[in-house]
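Asks: This is the content of model.txt (compact mmCIF, C-alpha atoms):
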```
# COMPACT_ATOMS: atom_id res chain seq x y z
CA MET A 1 83.28 -78.66 -130.82
CA ARG A 2 83.88 -81.81 -128.75
CA SER A 3 84.24 -81.93 -124.97
CA PRO A 4 86.14 -85.14 -124.06
CA LEU A 5 85.66 -84.46 -120.33
CA LEU A 6 81.90 -84.26 -120.72
CA GLU A 7 81.82 -87.29 -123.05
CA LEU A 8 83.35 -89.40 -120.27
CA CYS A 9 80.34 -88.62 -118.08
CA ALA A 10 77.80 -89.94 -120.60
CA ARG A 11 76.68 -92.95 -118.56
CA ALA A 12 74.54 -93.58 -115.47
CA THR A 13 77.17 -95.48 -113.47
CA GLY A 14 80.92 -95.05 -113.30
CA HIS A 15 83.80 -97.53 -113.44
CA GLN A 16 87.55 -97.57 -112.88
CA GLU A 17 88.77 -97.06 -116.46
CA GLN A 18 86.31 -94.23 -117.03
CA TYR A 19 87.32 -92.46 -113.82
CA LYS A 20 91.02 -92.74 -114.62
CA LEU A 21 90.41 -91.03 -117.96
CA LEU A 22 88.19 -88.47 -116.24
CA HIS A 23 91.00 -87.58 -113.80
CA ASP A 24 93.31 -86.98 -116.76
CA GLN A 25 90.80 -84.75 -118.54
CA CYS A 26 90.20 -82.72 -115.38
CA GLN A 27 93.91 -81.96 -115.24
CA LEU A 28 93.82 -80.75 -118.85
CA CYS A 29 90.67 -78.64 -118.52
CA LYS A 30 91.30 -74.88 -118.76
CA ASP A 31 87.76 -73.54 -119.06
CA TRP A 32 85.40 -75.13 -116.54
CA GLU A 33 82.67 -72.56 -117.12
CA ALA A 34 82.52 -73.64 -120.78
CA VAL A 35 82.21 -77.29 -119.68
CA VAL A 36 79.22 -76.47 -117.45
CA LEU A 37 77.57 -74.42 -120.20
CA ARG A 38 78.05 -77.31 -122.63
CA ALA A 39 76.67 -79.73 -120.02
CA GLU A 40 73.51 -77.62 -119.72
CA LYS A 41 73.06 -77.68 -123.49
CA GLU A 42 73.63 -81.44 -123.72
CA GLY A 43 71.35 -82.36 -120.77
CA MET A 44 74.41 -83.65 -118.92
CA THR A 45 74.74 -81.42 -115.85
CA PRO A 46 73.49 -83.95 -113.25
CA LEU A 47 75.74 -86.69 -114.68
CA LEU A 48 78.73 -84.35 -114.78
CA SER A 49 78.19 -83.51 -111.11
CA LYS A 50 77.72 -87.16 -110.16
CA HIS A 51 80.83 -88.48 -111.89
CA LEU A 52 83.10 -85.65 -110.75
CA ALA A 53 82.05 -86.29 -107.15
CA GLU A 54 82.22 -90.09 -107.30
CA SER A 55 85.56 -90.18 -109.11
CA GLN A 56 87.05 -87.78 -106.54
CA ALA A 57 88.57 -85.82 -109.40
CA SER A 58 90.17 -82.46 -108.81
CA TYR A 59 88.19 -79.46 -110.04
CA PRO A 60 87.60 -75.85 -108.89
CA GLU A 61 85.59 -75.21 -105.73
CA HIS A 62 83.37 -72.60 -107.41
CA ILE A 63 82.40 -75.21 -110.03
CA ARG A 64 81.48 -77.65 -107.25
CA ILE A 65 79.24 -75.00 -105.63
CA LEU A 66 77.64 -74.21 -108.99
CA LEU A 67 76.98 -77.90 -109.73
CA ASP A 68 75.49 -78.42 -106.25
CA PHE A 69 73.09 -75.54 -106.93
CA LEU A 70 72.14 -76.90 -110.34
CA ASP A 71 71.63 -80.38 -108.83
CA LYS A 72 69.07 -79.00 -106.39
CA ARG A 73 67.31 -77.18 -109.19
CA TYR A 74 67.13 -80.33 -111.32
CA LYS A 75 65.77 -82.37 -108.41
CA HIS A 76 63.03 -79.80 -107.84
CA HIS A 77 62.15 -79.55 -111.54
CA THR A 78 62.04 -83.34 -111.86
CA ALA A 79 59.77 -83.70 -108.83
CA VAL A 80 57.33 -81.09 -110.19
CA ARG A 81 57.29 -82.62 -113.69
CA LEU A 82 56.67 -86.13 -112.40
CA GLN A 83 53.90 -84.91 -110.10
CA VAL A 84 52.18 -83.28 -113.08
CA LEU A 85 52.74 -86.43 -115.14
CA GLN A 86 51.17 -88.58 -112.43
CA GLU A 87 48.10 -86.33 -112.38
CA VAL A 88 47.56 -86.42 -116.14
CA LEU A 89 48.12 -90.18 -116.25
CA GLU A 90 45.35 -90.61 -113.69
CA ILE A 91 42.98 -88.46 -115.74
CA TRP A 92 43.76 -90.36 -118.94
CA ALA A 93 43.20 -93.65 -117.08
CA GLU A 94 39.76 -92.44 -115.97
CA GLU A 95 38.95 -91.75 -119.62
CA GLN A 96 40.23 -95.21 -120.58
CA LEU A 97 43.04 -93.86 -122.74
CA THR A 98 46.27 -95.84 -123.11
CA PRO A 99 49.46 -93.77 -123.20
CA LEU A 100 52.99 -95.08 -123.75
CA LEU A 101 55.73 -92.97 -122.16
CA ILE A 102 58.69 -92.47 -124.47
CA LYS A 103 62.08 -90.75 -124.27
CA GLY A 104 62.97 -88.91 -121.04
CA ALA A 105 59.65 -89.42 -119.26
CA ALA A 106 60.32 -93.18 -119.23
CA LEU A 107 64.12 -93.31 -119.36
CA CYS A 108 64.52 -91.35 -116.13
CA HIS A 109 62.96 -94.39 -114.42
CA THR A 110 64.21 -97.28 -116.54
CA ALA A 111 67.86 -96.34 -117.17
CA TYR A 112 68.76 -94.25 -114.10
CA ALA A 113 68.70 -94.92 -110.36
CA ASP A 114 67.58 -91.33 -109.71
CA PRO A 115 65.12 -89.68 -112.14
CA ALA A 116 66.82 -86.31 -111.56
CA LEU A 117 69.92 -87.64 -113.36
CA ARG A 118 67.96 -87.56 -116.62
CA PRO A 119 66.79 -83.99 -117.36
CA MET A 120 64.07 -83.50 -119.94
CA ARG A 121 62.99 -80.47 -121.88
CA ASP A 122 59.52 -81.90 -122.43
CA MET A 123 57.58 -85.08 -121.74
CA ASP A 124 56.77 -87.15 -124.82
CA ILE A 125 53.80 -89.50 -124.72
CA LEU A 126 52.64 -91.80 -127.51
CA PHE A 127 49.00 -92.64 -128.16
CA ALA A 128 47.17 -94.67 -130.76
CA PRO A 129 46.26 -92.31 -133.64
CA ASN A 130 42.56 -92.49 -132.73
CA GLU A 131 43.25 -91.41 -129.12
CA ALA A 132 45.82 -88.64 -129.59
CA VAL A 133 43.43 -85.72 -130.25
CA ARG A 134 41.24 -86.71 -127.32
CA ALA A 135 44.25 -86.87 -124.99
CA GLN A 136 45.31 -83.42 -126.26
CA ARG A 137 41.89 -81.93 -125.53
CA LEU A 138 41.85 -83.35 -122.02
CA LEU A 139 45.15 -81.60 -121.30
CA GLN A 140 43.77 -78.35 -122.66
CA SER A 141 40.86 -78.68 -120.26
CA LEU A 142 43.48 -78.72 -117.48
CA ALA A 143 44.78 -75.28 -118.53
CA PHE A 144 47.55 -76.54 -120.80
CA VAL A 145 48.02 -74.05 -123.66
CA PRO A 146 49.15 -75.04 -127.18
CA SER A 147 52.54 -73.78 -128.27
CA THR A 148 52.57 -71.21 -131.06
CA ALA A 149 55.53 -72.90 -132.76
CA ALA A 150 54.55 -73.94 -136.27
CA ILE A 151 54.68 -77.63 -137.17
CA PRO A 152 53.72 -79.36 -140.46
CA ALA A 153 50.19 -80.71 -140.74
CA ASP A 154 51.49 -84.29 -141.12
CA HIS A 155 53.96 -84.05 -138.22
CA HIS A 156 54.33 -87.09 -135.94
CA HIS A 157 53.21 -85.18 -132.84
CA LEU A 158 50.53 -82.59 -132.11
CA PRO A 159 51.41 -79.02 -131.06
CA ALA A 160 53.24 -79.02 -127.73
CA LEU A 161 51.16 -78.10 -124.68
CA LEU A 162 52.52 -75.76 -122.01
CA LYS A 163 51.56 -75.03 -118.42
CA THR A 164 53.42 -73.19 -115.66
CA VAL A 165 53.48 -75.03 -112.32
CA GLN A 166 55.41 -73.65 -109.35
CA GLY A 167 57.26 -71.32 -111.68
CA ILE A 168 58.33 -74.19 -113.96
CA VAL A 169 57.10 -74.44 -117.55
CA ILE A 170 55.80 -77.98 -118.08
CA CYS A 171 55.79 -79.08 -121.72
CA ILE A 172 53.98 -82.20 -122.94
CA GLU A 173 54.01 -83.50 -126.51
CA ILE A 174 51.30 -85.91 -127.57
CA HIS A 175 52.64 -88.23 -130.28
CA HIS A 176 50.53 -90.20 -132.74
CA GLY A 177 53.72 -91.33 -134.48
CA MET A 178 57.40 -91.57 -133.58
CA TYR A 179 59.37 -90.35 -136.59
CA PRO A 180 59.23 -87.66 -139.29
CA ASN A 181 58.36 -88.73 -142.82
CA CYS A 182 61.63 -87.97 -144.59
CA PRO A 183 65.07 -89.53 -145.07
CA PRO A 184 66.64 -91.57 -143.63
CA TYR A 185 63.13 -93.13 -143.52
CA TYR A 186 62.23 -94.94 -140.36
CA PRO A 187 60.64 -98.24 -139.33
CA GLU A 188 56.88 -98.38 -139.52
CA VAL A 189 55.24 -97.76 -136.15
CA ASN A 190 52.40 -100.05 -135.12
CA PHE A 191 50.96 -98.90 -131.81
CA ASP A 192 49.26 -102.22 -131.05
CA LYS A 193 52.53 -104.13 -131.50
CA LEU A 194 54.36 -101.65 -129.27
CA LEU A 195 51.63 -102.02 -126.67
CA ALA A 196 51.92 -105.81 -126.80
CA THR A 197 55.63 -105.69 -125.95
CA SER A 198 55.40 -102.76 -123.51
CA ARG A 199 56.71 -102.87 -119.95
CA LYS A 200 55.24 -101.46 -116.76
CA LEU A 201 56.70 -98.74 -114.57
CA THR A 202 55.45 -96.54 -111.75
CA ILE A 203 55.19 -92.75 -111.75
CA GLY A 204 54.70 -91.72 -108.14
CA THR A 205 51.89 -94.04 -107.09
CA THR A 206 50.42 -94.45 -110.58
CA GLY A 207 51.12 -97.29 -112.98
CA ALA A 208 52.27 -96.47 -116.50
CA LEU A 209 53.53 -98.19 -119.65
CA THR A 210 56.57 -97.63 -121.81
CA LEU A 211 58.20 -99.38 -124.76
CA GLY A 212 59.82 -102.77 -124.26
CA ASP A 213 63.58 -102.84 -123.77
CA MET A 214 64.44 -103.78 -127.37
CA GLU A 215 61.99 -101.27 -128.79
CA THR A 216 63.38 -98.58 -126.47
CA LEU A 217 66.96 -99.21 -127.64
CA ASP A 218 65.90 -98.94 -131.26
CA TYR A 219 63.87 -95.80 -130.63
CA ILE A 220 66.70 -94.04 -128.76
CA TYR A 221 69.05 -94.91 -131.60
CA GLN A 222 66.70 -93.88 -134.41
CA HIS A 223 65.59 -90.67 -132.71
CA ALA A 224 68.97 -89.52 -131.38
CA PHE A 225 71.56 -90.86 -133.82
CA ARG A 226 69.66 -91.02 -137.12
CA PRO A 227 67.83 -87.70 -137.27
CA PRO A 228 67.19 -86.16 -140.70
CA LEU A 229 70.33 -84.40 -141.95
CA ALA A 230 68.76 -80.97 -141.44
CA TYR A 231 67.90 -81.68 -137.80
CA GLU A 232 69.95 -81.03 -134.68
CA SER A 233 72.81 -83.45 -134.06
CA PHE A 234 72.77 -85.95 -131.21
CA LYS A 235 73.18 -84.86 -127.59
CA LEU A 236 75.48 -86.65 -125.13
CA ILE A 237 72.50 -87.45 -122.89
CA SER A 238 71.34 -89.81 -125.66
CA VAL A 239 74.69 -91.61 -125.49
CA ALA A 240 74.13 -91.95 -121.74
CA ASP A 241 70.62 -93.33 -122.38
CA LEU A 242 71.85 -95.96 -124.82
CA VAL A 243 74.90 -97.03 -122.78
CA SER A 244 73.06 -97.09 -119.45
CA LEU A 245 70.05 -99.03 -120.71
CA THR A 246 72.25 -101.56 -122.51
CA GLU A 247 74.46 -102.23 -119.48
CA LYS A 248 71.50 -102.42 -117.12
CA ASN A 249 69.55 -104.89 -119.27
CA LEU A 250 72.32 -106.73 -121.10
CA GLY A 251 71.45 -110.18 -119.72
CA ASN A 252 67.74 -109.77 -120.45
CA LEU A 253 68.11 -108.61 -124.04
CA ASP A 254 67.68 -111.09 -126.88
CA TRP A 255 70.73 -110.12 -128.93
CA PRO A 256 70.18 -112.61 -131.79
CA ARG A 257 66.69 -111.17 -132.21
CA ILE A 258 67.98 -107.59 -132.02
CA ARG A 259 70.52 -108.44 -134.71
CA GLN A 260 67.80 -109.83 -136.92
CA LYS A 261 65.06 -107.25 -136.25
CA TYR A 262 67.12 -104.12 -135.52
CA PRO A 263 70.44 -104.60 -137.37
CA LEU A 264 71.32 -100.90 -137.43
CA VAL A 265 71.12 -100.42 -133.67
CA TYR A 266 72.89 -103.76 -133.18
CA ASN A 267 75.85 -102.42 -135.18
CA ALA A 268 75.75 -98.92 -133.69
CA ILE A 269 75.57 -99.65 -129.95
CA PRO A 270 79.18 -100.92 -129.60
CA LEU A 271 80.39 -97.70 -131.29
CA MET A 272 79.41 -95.72 -128.19
CA HIS A 273 82.76 -97.02 -126.90
CA HIS A 274 84.39 -94.19 -128.85
CA VAL A 275 82.48 -91.65 -126.74
CA VAL A 276 82.66 -93.24 -123.29
CA PRO A 277 84.29 -96.61 -122.48
CA TRP A 278 81.99 -99.51 -121.73
CA ASP A 279 82.15 -101.15 -118.31
CA PHE A 280 83.59 -104.57 -119.16
CA THR A 281 82.42 -105.95 -115.83
CA LYS A 282 78.90 -105.54 -117.24
CA VAL A 283 79.43 -106.25 -120.94
CA PRO A 284 81.95 -108.73 -122.44
CA ARG A 285 85.06 -107.30 -124.10
CA ASP A 286 84.08 -108.82 -127.43
CA PHE A 287 80.94 -106.66 -127.31
CA VAL A 288 83.21 -104.07 -128.93
CA PRO A 289 84.92 -105.25 -132.17
CA GLN A 290 88.69 -105.63 -132.01
CA ARG A 291 89.39 -102.82 -134.46
CA ASP A 292 87.45 -100.45 -132.18
CA HIS A 293 89.56 -101.53 -129.21
CA ARG A 294 92.72 -100.75 -131.18
CA ARG A 295 91.70 -97.38 -132.59
CA ARG A 296 89.58 -94.70 -130.94
CA LEU A 297 87.54 -92.71 -133.45
CA ALA A 298 86.61 -89.08 -132.82
CA PRO A 299 82.83 -89.10 -132.24
CA ARG A 300 82.17 -85.98 -134.29
CA PRO A 301 78.57 -85.33 -135.35
CA PHE A 302 77.45 -84.37 -138.84
CA THR A 303 78.19 -80.65 -139.39
CA GLY A 304 77.73 -80.28 -143.14
CA TRP A 305 74.84 -78.85 -145.16
CA PRO A 306 71.85 -78.91 -144.48
CA ASN A 307 72.65 -79.37 -140.76
CA ARG A 308 74.29 -75.97 -140.95
CA LYS A 309 73.27 -73.21 -143.33
CA LEU A 310 75.52 -72.42 -146.25
CA ARG A 311 75.89 -68.77 -145.26
CA GLU A 312 76.83 -69.83 -141.71
CA MET A 313 79.65 -72.03 -142.96
CA ARG A 314 80.80 -69.38 -145.44
CA ALA A 315 80.82 -66.79 -142.62
CA GLU A 316 83.23 -69.08 -140.75
CA GLY A 317 85.64 -68.81 -143.66
CA LEU A 318 84.90 -72.21 -145.20
CA GLY A 319 85.38 -72.32 -148.95
CA TYR A 320 83.01 -74.27 -151.16
CA GLY A 321 85.47 -77.18 -151.18
CA ARG A 322 85.36 -77.45 -147.38
CA VAL A 323 81.57 -77.10 -147.40
CA LEU A 324 81.35 -80.05 -149.78
CA PHE A 325 83.85 -82.02 -147.69
CA HIS A 326 81.89 -81.50 -144.45
CA THR A 327 78.67 -82.43 -146.27
CA PHE A 328 79.79 -85.52 -148.16
CA MET A 329 82.69 -86.75 -146.00
CA PRO A 330 81.74 -86.37 -142.31
CA SER A 331 83.56 -88.30 -139.61
CA LEU A 332 84.04 -92.06 -139.94
CA TRP A 333 82.38 -92.55 -136.55
CA TRP A 334 79.28 -90.68 -137.70
CA PHE A 335 79.07 -92.64 -140.94
CA ARG A 336 79.22 -95.94 -139.06
CA VAL A 337 76.69 -94.93 -136.39
CA PHE A 338 74.20 -93.13 -138.63
CA TYR A 339 74.08 -95.85 -141.27
CA GLY A 340 74.69 -98.76 -138.90
CA VAL A 341 77.55 -100.21 -140.96
CA MET A 342 80.37 -102.46 -139.77
CA THR A 343 82.10 -103.74 -142.93
CA TRP A 344 84.33 -101.66 -145.21
CA SER A 345 82.47 -102.81 -148.32
CA ARG A 346 79.16 -101.60 -146.92
CA LEU A 347 80.78 -98.35 -145.78
CA LEU A 348 82.02 -97.70 -149.32
CA VAL A 349 78.46 -98.08 -150.66
CA VAL A 350 77.25 -95.62 -148.02
CA ILE A 351 79.91 -93.04 -148.88
CA LEU A 352 79.45 -93.28 -152.66
CA ILE A 353 75.69 -93.82 -152.97
CA THR A 354 73.54 -93.86 -149.83
CA HIS A 355 74.76 -90.63 -148.22
CA PRO A 356 74.85 -88.52 -151.42
CA ARG A 357 71.32 -89.71 -152.14
CA GLN A 358 70.15 -88.22 -148.83
CA VAL A 359 71.93 -84.94 -149.50
CA PHE A 360 70.33 -84.73 -152.95
CA TRP A 361 66.91 -85.28 -151.38
CA TRP A 362 67.37 -82.21 -149.17
CA ILE A 363 68.75 -80.14 -152.06
CA ARG A 364 65.71 -81.00 -154.11
CA LEU A 365 63.39 -80.14 -151.22
CA TYR A 366 64.99 -76.75 -150.59
CA CYS A 367 65.08 -75.93 -154.29
CA GLN A 368 61.29 -75.84 -154.21
CA PHE A 369 61.60 -72.70 -152.07
CA LEU A 370 64.30 -70.97 -154.15
CA PRO A 371 63.43 -68.59 -157.02
CA LEU A 372 64.55 -71.06 -159.71
CA GLY A 373 62.52 -69.40 -162.44
CA ASP A 374 60.85 -71.49 -165.12
CA ARG A 375 61.76 -75.06 -164.22
CA GLN A 376 60.63 -76.20 -167.65
CA SER A 377 63.41 -74.23 -169.31
CA ARG A 378 66.91 -75.41 -168.45
CA ASP A 379 68.43 -72.50 -170.40
CA GLN A 380 67.13 -69.76 -168.12
CA PRO A 381 69.59 -68.55 -165.45
CA VAL A 382 68.87 -69.23 -161.79
CA PRO A 383 69.26 -66.25 -159.45
CA ALA A 384 72.20 -66.25 -156.99
CA TYR A 385 73.63 -69.20 -155.04
CA PRO A 386 75.98 -70.55 -157.75
CA LEU A 387 76.91 -73.69 -155.77
CA VAL A 388 73.29 -74.38 -154.80
CA ARG A 389 72.22 -73.80 -158.38
CA ARG A 390 74.57 -76.44 -159.72
CA LEU A 391 73.71 -78.93 -156.97
CA ALA A 392 70.03 -78.25 -157.51
CA MET A 393 70.23 -79.13 -161.17
CA TRP A 394 72.21 -82.27 -160.39
CA ALA A 395 69.72 -83.20 -157.70
CA MET A 396 66.67 -82.75 -159.90
CA ASN A 397 68.27 -84.94 -162.54
CA ILE A 398 69.85 -87.57 -160.29
CA SER A 399 67.35 -87.96 -157.46
CA LYS A 400 64.65 -89.26 -159.79
CA TYR A 401 66.74 -92.42 -160.10
CA PHE A 402 66.59 -93.02 -156.36
CA LYS A 403 63.72 -93.94 -154.11
CA ASN A 404 62.21 -90.83 -152.50
```
Will you turn the file into structure tokens for me?

Replies:
Amino acid sequence: MRSPLLELCARATGHQEQYKLLHDQCQLCKDWEAVVLRAEKEGMTPLLSKHLAESQASYPEHIRILLDFLDKRYKHHTAVRLQVLQEVLEIWAEEQLTPLLIKGAALCHTAYADPALRPMRDMDILFAPNEAVRAQRLLQSLAFVPSTAAIPADHHHLPALLKTVQGIVICIEIHHGMYPNCPPYYPEVNFDKLLATSRKLTIGTTGALTLGDMETLDYIYQHAFRPPLAYESFKLISVADLVSLTEKNLGNLDWPRIRQKYPLVYNAIPLMHHVVPWDFTKVPRDFVPQRDHRRRLAPRPFTGWPNRKLREMRAEGLGYGRVLFHTFMPSLWWFRVFYGVMTWSRLLVVILITHPRQVFWWIRLYCQFLPLGDRQSRDQPVPAYPLVRRLAMWAMNISKYFKN
């Protein structure tokens, strides 16, 4: 379910048009506790507090007290996490290892004036494949304990490492890659090339490296807005990351090169306007295509199968027709962002071919774990799941014609 009030807070800095809309949404809001709970889930609580205060919007006093408390907690958690990060960076430097900070660990410094505005569940750090295991072992020597959560052997990061510091669980993920190996299939990652275009930042008193600005934009987009269909949908904090970094670095970004090298993110970034309005004192009005100025699309995420389980959707009273509709015809905004399409002709290809191909890939994968009986005999009945059975047979016949 959408939260238009919270969507309007998905940016690091506010502006007049945004705050006018925020005032209107505050007047319409009937359940402030639900807004705060949603903000916690979306990583948006500090930004919600900031924009409500700066816009001078009207909202309940008990919500203001709650947000003030949560702000203090986030500031403390951020300070502890960054202190731990500084310490491990120093140890890796002594061992001549070269980490690249990615996601929240870097964005809290590069996209936000105050690191506490960008909460993070864990700290993600990329290493060259030949350094990742060594970096992991060094952390374990510092009393970090591997998570028991199961991950595939070929996963793009090693098991998460956990350590409790001042009552706060610190989680660090050592990456030797950046993306999972499944549709929608991601750009190849070359650590040396990323290192060559990296930028410097400072964690406490220690120097560190992160991805270059263009590479960061592409990574935020790929990771947050193009996850595999079975993965969790995007969070609003990722919208804030993309919008804030773009506005902050607009003049320094080589847009012709982005268009050539990263066409999907080039097409998708302006579509954030449907979530939270751009600040046209920082970006030109033609940054957003005219048709997107005229019509605001509902920024609904993908909620079909396999993002949600079939039995979950059926329990909500959705018939098979609605299940198929949610799966094959998600929102227009999601289609355009996920597949990075701008023209209607390209969108038609996506709807008729590209998106069904991805769904069939997941059907085929899951069918390997269903009791389908003797696959060599097409005449034998398949137990249960009548809809899945039919789709499975279609998938096994059709998907061989598409690139895996």

Asks: Hey, can you pull every residue with an atom no more than 6 Å from (67.4, -104.4, -132.6), using all atoms listed in the file, and send it as a PyMOL selection string?

Replies: chain A and resi 218+258-259+261-263+265-266

Asks: Rank A:Met44, A:Ala160, A:Ala113, A:Val36 by their smallest atom-to-atom distance to Thr148 (chain A), using all atoms listed in the file, and report the top residue only.

Replies: A:Ala160

Asks: In Å, how far is it from CA of Leu126 (chain A) to CA of Phe302 (chain A)?

Replies: 28.3 Å

Asks: Would you pick out the contacts of Pro115 (chain A) at 12 Å or less, using only C-alpha atoms, so that residues sharing its chain but fewer than 6 positions from it are not included, and give the list as a list in words?

Replies: Ala12, Pro46, Leu47, Asp71, Tyr74, Lys75, His76, His77, Thr78, Ala79, Val80, Arg81, Leu82, Gly104, Ala105, Ala106, Leu107, Cys108, His109, Thr202, Ile203 and Gly204 of chain A

Asks: So that I have them on file, write out the residues from the current selection with C-alpha atoms, as a PDB file, keeping the file's coordinate frame.

Replies:
```pdb
ATOM      1  CA  ALA A  12      74.540 -93.580-115.470  1.00  0.00           C
ATOM      2  CA  PRO A  46      73.490 -83.950-113.250  1.00  0.00           C
ATOM      3  CA  LEU A  47      75.740 -86.690-114.680  1.00  0.00           C
ATOM      4  CA  ASP A  71      71.630 -80.380-108.830  1.00  0.00           C
ATOM      5  CA  TYR A  74      67.130 -80.330-111.320  1.00  0.00           C
ATOM      6  CA  LYS A  75      65.770 -82.370-108.410  1.00  0.00           C
ATOM      7  CA  HIS A  76      63.030 -79.800-107.840  1.00  0.00           C
ATOM      8  CA  HIS A  77      62.150 -79.550-111.540  1.00  0.00           C
ATOM      9  CA  THR A  78      62.040 -83.340-111.860  1.00  0.00           C
ATOM     10  CA  ALA A  79      59.770 -83.700-108.830  1.00  0.00           C
ATOM     11  CA  VAL A  80      57.330 -81.090-110.190  1.00  0.00           C
ATOM     12  CA  ARG A  81      57.290 -82.620-113.690  1.00  0.00           C
ATOM     13  CA  LEU A  82      56.670 -86.130-112.400  1.00  0.00           C
ATOM     14  CA  GLY A 104      62.970 -88.910-121.040  1.00  0.00           C
ATOM     15  CA  ALA A 105      59.650 -89.420-119.260  1.00  0.00           C
ATOM     16  CA  ALA A 106      60.320 -93.180-119.230  1.00  0.00           C
ATOM     17  CA  LEU A 107      64.120 -93.310-119.360  1.00  0.00           C
ATOM     18  CA  CYS A 108      64.520 -91.350-116.130  1.00  0.00           C
ATOM     19  CA  HIS A 109      62.960 -94.390-114.420  1.00  0.00           C
ATOM     20  CA  THR A 202      55.450 -96.540-111.750  1.00  0.00           C
ATOM     21  CA  ILE A 203      55.190 -92.750-111.750  1.00  0.00           C
ATOM     22  CA  GLY A 204      54.700 -91.720-108.140  1.00  0.00           C
TER      23      GLY A 204
END
```

Asks: Arg295 (chain A): which residues within 12 Å, counting all atoms listed in the file, same-chain residues fewer than 2 positions away excluded, as an mmCIF file with C-alpha atoms, in the frame of the given file?

Replies:
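The resulting file, around04.cif, is reproduced below:
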```cif
data_model
loop_
_atom_site.group_PDB
_atom_site.id
_atom_site.type_symbol
_atom_site.label_atom_id
_atom_site.label_comp_id
_atom_site.auth_asym_id
_atom_site.auth_seq_id
_atom_site.Cartn_x
_atom_site.Cartn_y
_atom_site.Cartn_z
ATOM 1 C CA LEU A 271 80.390 -97.700 -131.290
ATOM 2 C CA HIS A 273 82.760 -97.020 -126.900
ATOM 3 C CA HIS A 274 84.390 -94.190 -128.850
ATOM 4 C CA VAL A 288 83.210 -104.070 -128.930
ATOM 5 C CA PRO A 289 84.920 -105.250 -132.170
ATOM 6 C CA GLN A 290 88.690 -105.630 -132.010
ATOM 7 C CA ARG A 291 89.390 -102.820 -134.460
ATOM 8 C CA ASP A 292 87.450 -100.450 -132.180
ATOM 9 C CA HIS A 293 89.560 -101.530 -129.210
ATOM 10 C CA LEU A 297 87.540 -92.710 -133.450
ATOM 11 C CA ALA A 298 86.610 -89.080 -132.820
ATOM 12 C CA LEU A 332 84.040 -92.060 -139.940
ATOM 13 C CA TRP A 333 82.380 -92.550 -136.550
#
```

Asks: I need every residue sitting at most 9 Å from the point (42.9, -82.0, -115.3) (coordinates as in the file, only C-alpha atoms considered), written as a ChimeraX atom specification.

Replies: /A:87-88,91,138-143

Asks: If I only have part of region 58-69 of chain A, can you fill in N, CA and C atoms and write it as a PDB file, in the coordinates of the input?

Replies:
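For reference, out14.pdb as written:
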```
ATOM      1  N   SER A  58      89.840 -83.803-109.270  1.00  0.00           N
ATOM      2  CA  SER A  58      90.170 -82.460-108.810  1.00  0.00           C
ATOM      3  C   SER A  58      89.579 -81.429-109.768  1.00  0.00           C
ATOM      4  N   TYR A  59      88.761 -80.527-109.223  1.00  0.00           N
ATOM      5  CA  TYR A  59      88.190 -79.460-110.040  1.00  0.00           C
ATOM      6  C   TYR A  59      87.891 -78.263-109.137  1.00  0.00           C
ATOM      7  N   PRO A  60      87.711 -77.056-109.701  1.00  0.00           N
ATOM      8  CA  PRO A  60      87.600 -75.850-108.890  1.00  0.00           C
ATOM      9  C   PRO A  60      86.419 -75.860-107.924  1.00  0.00           C
ATOM     10  N   GLU A  61      86.618 -75.250-106.767  1.00  0.00           N
ATOM     11  CA  GLU A  61      85.590 -75.210-105.730  1.00  0.00           C
ATOM     12  C   GLU A  61      84.352 -74.446-106.209  1.00  0.00           C
ATOM     13  N   HIS A  62      84.545 -73.369-106.967  1.00  0.00           N
ATOM     14  CA  HIS A  62      83.370 -72.600-107.410  1.00  0.00           C
ATOM     15  C   HIS A  62      82.522 -73.408-108.400  1.00  0.00           C
ATOM     16  N   ILE A  63      83.157 -74.337-109.124  1.00  0.00           N
ATOM     17  CA  ILE A  63      82.400 -75.210-110.030  1.00  0.00           C
ATOM     18  C   ILE A  63      81.603 -76.230-109.205  1.00  0.00           C
ATOM     19  N   ARG A  64      82.203 -76.729-108.130  1.00  0.00           N
ATOM     20  CA  ARG A  64      81.480 -77.650-107.250  1.00  0.00           C
ATOM     21  C   ARG A  64      80.247 -76.974-106.657  1.00  0.00           C
ATOM     22  N   ILE A  65      80.376 -75.739-106.205  1.00  0.00           N
ATOM     23  CA  ILE A  65      79.240 -75.000-105.630  1.00  0.00           C
ATOM     24  C   ILE A  65      78.156 -74.781-106.687  1.00  0.00           C
ATOM     25  N   LEU A  66      78.602 -74.419-107.907  1.00  0.00           N
ATOM     26  CA  LEU A  66      77.640 -74.210-108.990  1.00  0.00           C
ATOM     27  C   LEU A  66      76.897 -75.503-109.320  1.00  0.00           C
ATOM     28  N   LEU A  67      77.623 -76.623-109.403  1.00  0.00           N
ATOM     29  CA  LEU A  67      76.980 -77.900-109.730  1.00  0.00           C
ATOM     30  C   LEU A  67      76.035 -78.350-108.621  1.00  0.00           C
ATOM     31  N   ASP A  68      76.393 -78.089-107.362  1.00  0.00           N
ATOM     32  CA  ASP A  68      75.490 -78.420-106.250  1.00  0.00           C
ATOM     33  C   ASP A  68      74.186 -77.641-106.382  1.00  0.00           C
ATOM     34  N   PHE A  69      74.293 -76.362-106.736  1.00  0.00           N
ATOM     35  CA  PHE A  69      73.090 -75.540-106.930  1.00  0.00           C
ATOM     36  C   PHE A  69      72.233 -76.080-108.067  1.00  0.00           C
TER      37      PHE A  69
END
```
